[in-house]
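Notes follow the structure.
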Amino acid sequence: MKVAKLTPTREVAPNVVPLIDIVMCLIVFYMLVAKFGIETGADRAGITLPLSLQGIQLTDRGNTIDINVRQPAMGDEPLVSGLDEQGRPVNIPVAATGGRTLVDLLRFHRGTNKDFKVNIRADENLHYRFLEPVLIACAEARVAAVNFATRQP
Amino acid sequence: MKLKVSEKIHYESGPNMTPLVDIIMVILIFMMLTGTFAVGEWYLQSNMPMTEKGTGGTSVSNVPLDEPLEIRVETIPRIDPQSGLTVEVWVASAGRIQVENDRAALTSQLDAMRQKLNAANTPTSRIQVVISPGRSTRYKHLVEVYQAALEAKLEKVAFSRSR
């Protein structure tokens, strides 16, 4: 019986298979973990969330918007930001100033959605007097539920 | 003069991977630049955004009212015995109990209160915790008390107007 001769092989290029393996793993990781095209209005740069051991991960963010609350340098009006009617991040006045207020904006986003929820992202050192008007606005806009964003240890 | 190199035979060892690697790299860079992560964040859920008098936001006539359990929370300054610096701590009081800056102690006290209410035929689902903060109470201290209520297996937690 004739046995085929093994011909010597030659490397003509670097082996890219491990590179592709790793890059594919990275792509799959990004596809699973990262969120694309979802603008919730969260301002992750300027707010230090309070630490908590309790809490849940939100899987469905379709019915939610984020409201950022900061303490002002002076005055009694909290600095509130979120998304406007067109989905652009804006500062929103809480007190009635003749224009659109937080209640109006929440009512707009809520529409007829009874499951509409608000995620409050407030700074850990915020005084309650600045958070209170935001909660009252949520109640007036008949928001179904409020979630308080916290930081995992 | 003829070069010897040009006479060498070129071996194909497999399909050309270069376009594939190019495209994958472009996709990877796109995802790294546009993707956003919310890793490290989670949420405390409240289904009762705000209560006026500690009895719940909506009033339904044929449903029995919840049993309110009010927790007053204040942020107060204290001098740290180790550093000598002034630090802010929280003080929570509910009924006759008062706890200062100790979440585990508050949890056990609230748990005992819940068990007493359960023994008095009030199920946990009908206990409405109302956190009643002062105007200058820090948000992080409210979160501590909120967590203590959750750890004591109290399900319904709401905030009242500031005192």
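Following the order of the structure tokens, first chain is A, next is B, and so on, with residues numbered from 1 inside each chain and ligands from 1 in the order they appear.
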Report task. Please run DSSP on the backbone and report, as a ChimeraX atom specification, all residues within chain A that come out as strand (DSSP E or B). Result -> /A:35,51,56,64-70,79-83,89-92,117-122,127,145-151
Please produce a file of the residues just selected, as a short mmCIF file (atom, residue, chain, number, x, y, z; two decimals), in the first residue's frame, where the atoms kept are N, CA, C and O atoms.
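Output below, filename again-v9.cif:
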data_model
loop_
_atom_site.label_atom_id
_atom_site.label_comp_id
_atom_site.auth_asym_id
_atom_site.auth_seq_id
_atom_site.Cartn_x
_atom_site.Cartn_y
_atom_site.Cartn_z
N LYS A 35 -24.95 48.86 26.25
CA LYS A 35 -26.26 49.29 25.75
C LYS A 35 -26.04 50.28 24.62
O LYS A 35 -25.33 51.26 24.76
N LEU A 51 -23.94 54.50 48.39
CA LEU A 51 -23.60 53.07 48.41
C LEU A 51 -24.75 52.27 49.02
O LEU A 51 -25.36 52.72 49.98
N ILE A 56 -31.61 46.04 43.08
CA ILE A 56 -31.82 45.10 41.97
C ILE A 56 -31.30 45.74 40.69
O ILE A 56 -31.23 46.96 40.57
N THR A 64 -38.69 53.44 31.45
CA THR A 64 -38.08 54.30 32.46
C THR A 64 -37.31 55.46 31.85
O THR A 64 -36.82 55.38 30.72
N ILE A 65 -37.22 56.54 32.62
CA ILE A 65 -36.27 57.61 32.28
C ILE A 65 -35.49 57.95 33.55
O ILE A 65 -35.94 57.67 34.65
N ASP A 66 -34.31 58.52 33.36
CA ASP A 66 -33.48 58.90 34.49
C ASP A 66 -33.62 60.40 34.74
O ASP A 66 -33.64 61.20 33.81
N ILE A 67 -33.71 60.74 36.01
CA ILE A 67 -33.73 62.14 36.43
C ILE A 67 -32.53 62.35 37.35
O ILE A 67 -32.39 61.66 38.36
N ASN A 68 -31.67 63.29 36.98
CA ASN A 68 -30.48 63.59 37.79
C ASN A 68 -30.79 64.76 38.72
O ASN A 68 -31.34 65.77 38.26
N VAL A 69 -30.44 64.60 39.98
CA VAL A 69 -30.73 65.66 40.95
C VAL A 69 -29.43 66.04 41.66
O VAL A 69 -28.76 65.18 42.22
N ARG A 70 -29.13 67.33 41.62
CA ARG A 70 -27.91 67.82 42.28
C ARG A 70 -28.27 68.98 43.21
O ARG A 70 -29.28 69.64 43.02
N LEU A 79 -30.93 71.27 41.17
CA LEU A 79 -30.52 71.22 39.75
C LEU A 79 -30.96 69.87 39.20
O LEU A 79 -30.41 68.83 39.56
N VAL A 80 -31.95 69.91 38.36
CA VAL A 80 -32.53 68.67 37.84
C VAL A 80 -32.29 68.61 36.34
O VAL A 80 -32.46 69.61 35.63
N SER A 81 -31.85 67.47 35.87
CA SER A 81 -31.67 67.29 34.43
C SER A 81 -32.25 65.95 34.00
O SER A 81 -32.36 65.03 34.80
N GLY A 82 -32.63 65.90 32.75
CA GLY A 82 -33.21 64.68 32.19
C GLY A 82 -33.37 64.84 30.69
O GLY A 82 -32.65 65.65 30.08
N LEU A 83 -34.29 64.11 30.12
CA LEU A 83 -34.50 64.19 28.68
C LEU A 83 -35.72 65.05 28.36
O LEU A 83 -36.73 64.98 29.06
N PRO A 89 -30.79 65.63 26.32
CA PRO A 89 -30.58 65.98 27.73
C PRO A 89 -30.69 67.49 27.96
O PRO A 89 -30.07 68.27 27.22
N VAL A 90 -31.50 67.85 28.96
CA VAL A 90 -31.71 69.27 29.28
C VAL A 90 -31.81 69.46 30.79
O VAL A 90 -32.09 68.52 31.52
N ASN A 91 -31.61 70.70 31.22
CA ASN A 91 -31.90 71.06 32.61
C ASN A 91 -33.38 71.38 32.70
O ASN A 91 -33.94 72.05 31.82
N ILE A 92 -34.00 70.91 33.77
CA ILE A 92 -35.45 71.05 33.89
C ILE A 92 -35.77 71.82 35.17
O ILE A 92 -35.34 71.41 36.25
N LYS A 117 -41.89 54.45 34.82
CA LYS A 117 -41.13 54.59 36.07
C LYS A 117 -40.04 55.65 35.90
O LYS A 117 -39.56 55.88 34.80
N VAL A 118 -39.65 56.21 37.02
CA VAL A 118 -38.58 57.21 37.03
C VAL A 118 -37.43 56.69 37.88
O VAL A 118 -37.65 56.21 38.99
N ASN A 119 -36.25 56.76 37.34
CA ASN A 119 -35.05 56.43 38.11
C ASN A 119 -34.44 57.73 38.61
O ASN A 119 -34.05 58.57 37.80
N ILE A 120 -34.39 57.88 39.90
CA ILE A 120 -33.81 59.11 40.47
C ILE A 120 -32.35 58.86 40.75
O ILE A 120 -31.99 57.95 41.51
N ARG A 121 -31.52 59.68 40.14
CA ARG A 121 -30.07 59.61 40.35
C ARG A 121 -29.66 60.86 41.11
O ARG A 121 -29.47 61.91 40.52
N ALA A 122 -29.59 60.72 42.42
CA ALA A 122 -29.27 61.88 43.25
C ALA A 122 -27.91 61.70 43.90
O ALA A 122 -27.50 60.58 44.18
N HIS A 127 -29.28 67.17 50.24
CA HIS A 127 -30.23 67.33 51.35
C HIS A 127 -31.63 66.95 50.85
O HIS A 127 -31.98 67.18 49.69
N ALA A 145 -43.97 54.23 39.66
CA ALA A 145 -42.98 53.82 40.65
C ALA A 145 -41.72 54.66 40.47
O ALA A 145 -41.44 55.19 39.40
N VAL A 146 -40.99 54.77 41.56
CA VAL A 146 -39.73 55.51 41.55
C VAL A 146 -38.63 54.55 41.99
O VAL A 146 -38.79 53.85 42.98
N ASN A 147 -37.56 54.53 41.26
CA ASN A 147 -36.39 53.73 41.65
C ASN A 147 -35.26 54.70 42.03
O ASN A 147 -35.06 55.70 41.35
N PHE A 148 -34.55 54.36 43.08
CA PHE A 148 -33.44 55.20 43.52
C PHE A 148 -32.14 54.51 43.13
O PHE A 148 -31.84 53.40 43.60
N ALA A 149 -31.39 55.18 42.29
CA ALA A 149 -30.12 54.60 41.82
C ALA A 149 -29.08 54.63 42.94
O ALA A 149 -28.91 55.66 43.61
N THR A 150 -28.43 53.50 43.14
CA THR A 150 -27.37 53.43 44.14
C THR A 150 -26.15 52.75 43.53
O THR A 150 -26.22 52.17 42.44
N ARG A 151 -25.07 52.80 44.28
CA ARG A 151 -23.79 52.27 43.82
C ARG A 151 -23.54 50.93 44.50
O ARG A 151 -23.73 50.82 45.72
#
Report task. Extract, using only C-alpha atoms, all DNA, RNA and protein residues at most 12 Å from Ala96 in chain A, discarding same-chain residues fewer than 6 positions from it, and format them as a count of residues only. Result -> 6
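The two atoms in question, CA of Leu49 in chain A and CA of Ser46 in chain B, are spaced 16.9 Å apart.
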Report task. Using only C-alpha atoms, determine which residues of chain A fall within 8 Å of chain B; present them as a ChimeraX atom specification. Result -> /A:10-12,16,20,23-24,26-27,30-31,33-36,50-58,122-129,132,135-136,138-139,143-153
Output of the above residues as a PDB file, in the first residue's frame, restricted to C-alpha atoms:
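Ended up saving to result.pdb:
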ATOM      1  CA  ARG A  10       5.681  26.574   5.284  1.00  0.00           C
ATOM      2  CA  GLU A  11       4.450  29.462   7.426  1.00  0.00           C
ATOM      3  CA  VAL A  12       3.569  32.254   5.077  1.00  0.00           C
ATOM      4  CA  VAL A  16      -4.235  35.048  13.418  1.00  0.00           C
ATOM      5  CA  ILE A  20      -9.739  36.340  16.080  1.00  0.00           C
ATOM      6  CA  VAL A  23     -11.589  39.686  19.371  1.00  0.00           C
ATOM      7  CA  MET A  24     -14.736  37.616  18.879  1.00  0.00           C
ATOM      8  CA  LEU A  26     -14.687  40.897  23.128  1.00  0.00           C
ATOM      9  CA  ILE A  27     -17.411  41.546  20.540  1.00  0.00           C
ATOM     10  CA  TYR A  30     -19.821  44.126  24.270  1.00  0.00           C
ATOM     11  CA  MET A  31     -22.983  42.936  22.557  1.00  0.00           C
ATOM     12  CA  VAL A  33     -23.184  44.002  28.306  1.00  0.00           C
ATOM     13  CA  ALA A  34     -23.129  47.354  26.570  1.00  0.00           C
ATOM     14  CA  LYS A  35     -26.259  49.293  25.754  1.00  0.00           C
ATOM     15  CA  PHE A  36     -26.536  50.834  22.331  1.00  0.00           C
ATOM     16  CA  PRO A  50     -24.949  56.493  47.560  1.00  0.00           C
ATOM     17  CA  LEU A  51     -23.602  53.067  48.409  1.00  0.00           C
ATOM     18  CA  SER A  52     -26.064  50.261  49.089  1.00  0.00           C
ATOM     19  CA  LEU A  53     -25.973  46.544  49.715  1.00  0.00           C
ATOM     20  CA  GLN A  54     -29.602  46.046  48.733  1.00  0.00           C
ATOM     21  CA  GLY A  55     -30.876  46.681  45.243  1.00  0.00           C
ATOM     22  CA  ILE A  56     -31.815  45.103  41.973  1.00  0.00           C
ATOM     23  CA  GLN A  57     -30.565  45.360  38.429  1.00  0.00           C
ATOM     24  CA  LEU A  58     -33.032  46.854  35.988  1.00  0.00           C
ATOM     25  CA  ALA A 122     -29.274  61.879  43.248  1.00  0.00           C
ATOM     26  CA  ASP A 123     -25.960  62.779  44.763  1.00  0.00           C
ATOM     27  CA  GLU A 124     -25.251  61.028  48.057  1.00  0.00           C
ATOM     28  CA  ASN A 125     -24.768  64.294  49.934  1.00  0.00           C
ATOM     29  CA  LEU A 126     -27.969  65.882  48.661  1.00  0.00           C
ATOM     30  CA  HIS A 127     -30.235  67.330  51.348  1.00  0.00           C
ATOM     31  CA  TYR A 128     -33.750  65.931  51.372  1.00  0.00           C
ATOM     32  CA  ARG A 129     -35.272  69.381  50.792  1.00  0.00           C
ATOM     33  CA  GLU A 132     -38.548  66.368  47.980  1.00  0.00           C
ATOM     34  CA  LEU A 135     -40.699  63.232  44.476  1.00  0.00           C
ATOM     35  CA  ILE A 136     -43.706  65.543  44.658  1.00  0.00           C
ATOM     36  CA  CYS A 138     -43.376  62.383  40.329  1.00  0.00           C
ATOM     37  CA  ALA A 139     -46.485  61.990  42.475  1.00  0.00           C
ATOM     38  CA  VAL A 143     -45.637  58.062  37.972  1.00  0.00           C
ATOM     39  CA  ALA A 144     -46.225  54.391  38.803  1.00  0.00           C
ATOM     40  CA  ALA A 145     -42.976  53.822  40.646  1.00  0.00           C
ATOM     41  CA  VAL A 146     -39.730  55.510  41.548  1.00  0.00           C
ATOM     42  CA  ASN A 147     -36.391  53.733  41.647  1.00  0.00           C
ATOM     43  CA  PHE A 148     -33.445  55.197  43.522  1.00  0.00           C
ATOM     44  CA  ALA A 149     -30.122  54.600  41.819  1.00  0.00           C
ATOM     45  CA  THR A 150     -27.367  53.428  44.140  1.00  0.00           C
ATOM     46  CA  ARG A 151     -23.795  52.265  43.823  1.00  0.00           C
ATOM     47  CA  GLN A 152     -22.768  48.670  44.328  1.00  0.00           C
ATOM     48  CA  PRO A 153     -19.994  48.083  46.854  1.00  0.00           C
TER      49      PRO A 153
END
Report task. Work out how far CA of Val130 in chain B is from CA of Leu106 in chain B, in Å to one decimal. Result ->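 We find that CA of Leu106 in chain B and CA of Val130 in chain B lie 14.7 Å from each other.
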Report task. Extract the full set of alpha helix (DSSP H) residues from range 24-147 of chain A according to DSSP on the backbone, and format it as a PyMOL selection string. Result -> chain A and resi 24-33+102-110+128-140
Only C-alpha atoms, please: the residues just picked out, written as a PDB file, in the first residue's frame.
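In the end it all went to part36.pdb:
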ATOM      1  CA  MET A  24     -14.736  37.616  18.879  1.00  0.00           C
ATOM      2  CA  CYS A  25     -14.978  37.123  22.643  1.00  0.00           C
ATOM      3  CA  LEU A  26     -14.687  40.897  23.128  1.00  0.00           C
ATOM      4  CA  ILE A  27     -17.411  41.546  20.540  1.00  0.00           C
ATOM      5  CA  VAL A  28     -19.763  39.051  22.167  1.00  0.00           C
ATOM      6  CA  PHE A  29     -19.026  40.630  25.576  1.00  0.00           C
ATOM      7  CA  TYR A  30     -19.821  44.126  24.270  1.00  0.00           C
ATOM      8  CA  MET A  31     -22.983  42.936  22.557  1.00  0.00           C
ATOM      9  CA  LEU A  32     -24.242  41.377  25.782  1.00  0.00           C
ATOM     10  CA  VAL A  33     -23.184  44.002  28.306  1.00  0.00           C
ATOM     11  CA  LEU A 102     -40.578  68.789  35.636  1.00  0.00           C
ATOM     12  CA  VAL A 103     -44.216  67.770  36.163  1.00  0.00           C
ATOM     13  CA  ASP A 104     -45.063  68.707  32.555  1.00  0.00           C
ATOM     14  CA  LEU A 105     -42.106  66.745  31.236  1.00  0.00           C
ATOM     15  CA  LEU A 106     -42.904  63.685  33.339  1.00  0.00           C
ATOM     16  CA  ARG A 107     -46.529  63.825  32.192  1.00  0.00           C
ATOM     17  CA  PHE A 108     -45.317  63.990  28.584  1.00  0.00           C
ATOM     18  CA  HIS A 109     -43.000  60.998  28.992  1.00  0.00           C
ATOM     19  CA  ARG A 110     -45.616  59.056  30.908  1.00  0.00           C
ATOM     20  CA  TYR A 128     -33.750  65.931  51.372  1.00  0.00           C
ATOM     21  CA  ARG A 129     -35.272  69.381  50.792  1.00  0.00           C
ATOM     22  CA  PHE A 130     -33.825  69.230  47.257  1.00  0.00           C
ATOM     23  CA  LEU A 131     -35.074  65.710  46.612  1.00  0.00           C
ATOM     24  CA  GLU A 132     -38.548  66.368  47.980  1.00  0.00           C
ATOM     25  CA  PRO A 133     -39.813  68.573  45.114  1.00  0.00           C
ATOM     26  CA  VAL A 134     -38.712  65.901  42.625  1.00  0.00           C
ATOM     27  CA  LEU A 135     -40.699  63.232  44.476  1.00  0.00           C
ATOM     28  CA  ILE A 136     -43.706  65.543  44.658  1.00  0.00           C
ATOM     29  CA  ALA A 137     -43.420  66.171  40.908  1.00  0.00           C
ATOM     30  CA  CYS A 138     -43.376  62.383  40.329  1.00  0.00           C
ATOM     31  CA  ALA A 139     -46.485  61.990  42.475  1.00  0.00           C
ATOM     32  CA  GLU A 140     -48.266  64.843  40.652  1.00  0.00           C
TER      33      GLU A 140
END
Query - Atomic separation - CA of Gln109 in chain B relative to CA of Thr86 in chain B, Å - result: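 Pair CA of Thr86 in chain B / CA of Gln109 in chain B returns 27.4 Å.
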Query raised in the report: What lies within 9 Å of Val129 in chain B using only C-alpha atoms, ignoring chain neighbours under 4 positions off, as an NGL selection string?
Result: :B and (54 or 67-71 or 149 or 154-159)
Once you have the residues from the selection above, write them out as a PDB file, in the first residue's frame, restricted to N, CA and C atoms.
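Final output, saved to part.pdb:
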ATOM      1  N   GLY B  54     -48.665  59.736  55.411  1.00  0.00           N
ATOM      2  CA  GLY B  54     -48.178  58.447  55.869  1.00  0.00           C
ATOM      3  C   GLY B  54     -49.168  57.319  55.722  1.00  0.00           C
ATOM      4  N   GLU B  67     -51.075  49.614  57.526  1.00  0.00           N
ATOM      5  CA  GLU B  67     -50.634  50.007  58.861  1.00  0.00           C
ATOM      6  C   GLU B  67     -49.367  50.842  58.691  1.00  0.00           C
ATOM      7  N   PRO B  68     -49.419  52.129  59.026  1.00  0.00           N
ATOM      8  CA  PRO B  68     -48.221  52.948  58.817  1.00  0.00           C
ATOM      9  C   PRO B  68     -47.159  52.698  59.884  1.00  0.00           C
ATOM     10  N   LEU B  69     -45.937  52.684  59.458  1.00  0.00           N
ATOM     11  CA  LEU B  69     -44.805  52.552  60.376  1.00  0.00           C
ATOM     12  C   LEU B  69     -43.833  53.687  60.033  1.00  0.00           C
ATOM     13  N   GLU B  70     -43.909  54.735  60.810  1.00  0.00           N
ATOM     14  CA  GLU B  70     -43.133  55.934  60.499  1.00  0.00           C
ATOM     15  C   GLU B  70     -41.729  55.849  61.084  1.00  0.00           C
ATOM     16  N   ILE B  71     -40.751  56.146  60.250  1.00  0.00           N
ATOM     17  CA  ILE B  71     -39.356  56.211  60.719  1.00  0.00           C
ATOM     18  C   ILE B  71     -38.859  57.633  60.474  1.00  0.00           C
ATOM     19  N   ALA B 149     -34.890  48.916  56.337  1.00  0.00           N
ATOM     20  CA  ALA B 149     -36.295  48.487  56.206  1.00  0.00           C
ATOM     21  C   ALA B 149     -36.398  47.268  55.287  1.00  0.00           C
ATOM     22  N   LEU B 154     -39.422  44.361  55.239  1.00  0.00           N
ATOM     23  CA  LEU B 154     -40.562  45.251  55.027  1.00  0.00           C
ATOM     24  C   LEU B 154     -40.588  45.611  53.541  1.00  0.00           C
ATOM     25  N   GLU B 155     -41.734  45.402  52.922  1.00  0.00           N
ATOM     26  CA  GLU B 155     -41.784  45.474  51.450  1.00  0.00           C
ATOM     27  C   GLU B 155     -42.126  46.866  50.930  1.00  0.00           C
ATOM     28  N   LYS B 156     -43.024  47.556  51.647  1.00  0.00           N
ATOM     29  CA  LYS B 156     -43.524  48.822  51.126  1.00  0.00           C
ATOM     30  C   LYS B 156     -42.861  49.986  51.852  1.00  0.00           C
ATOM     31  N   VAL B 157     -42.089  50.725  51.104  1.00  0.00           N
ATOM     32  CA  VAL B 157     -41.359  51.850  51.700  1.00  0.00           C
ATOM     33  C   VAL B 157     -41.683  53.112  50.914  1.00  0.00           C
ATOM     34  N   ALA B 158     -42.021  54.169  51.620  1.00  0.00           N
ATOM     35  CA  ALA B 158     -42.346  55.436  50.972  1.00  0.00           C
ATOM     36  C   ALA B 158     -41.692  56.580  51.739  1.00  0.00           C
ATOM     37  N   PHE B 159     -41.736  57.746  51.125  1.00  0.00           N
ATOM     38  CA  PHE B 159     -41.220  58.945  51.784  1.00  0.00           C
ATOM     39  C   PHE B 159     -42.370  59.896  52.063  1.00  0.00           C
TER      40      PHE B 159
END
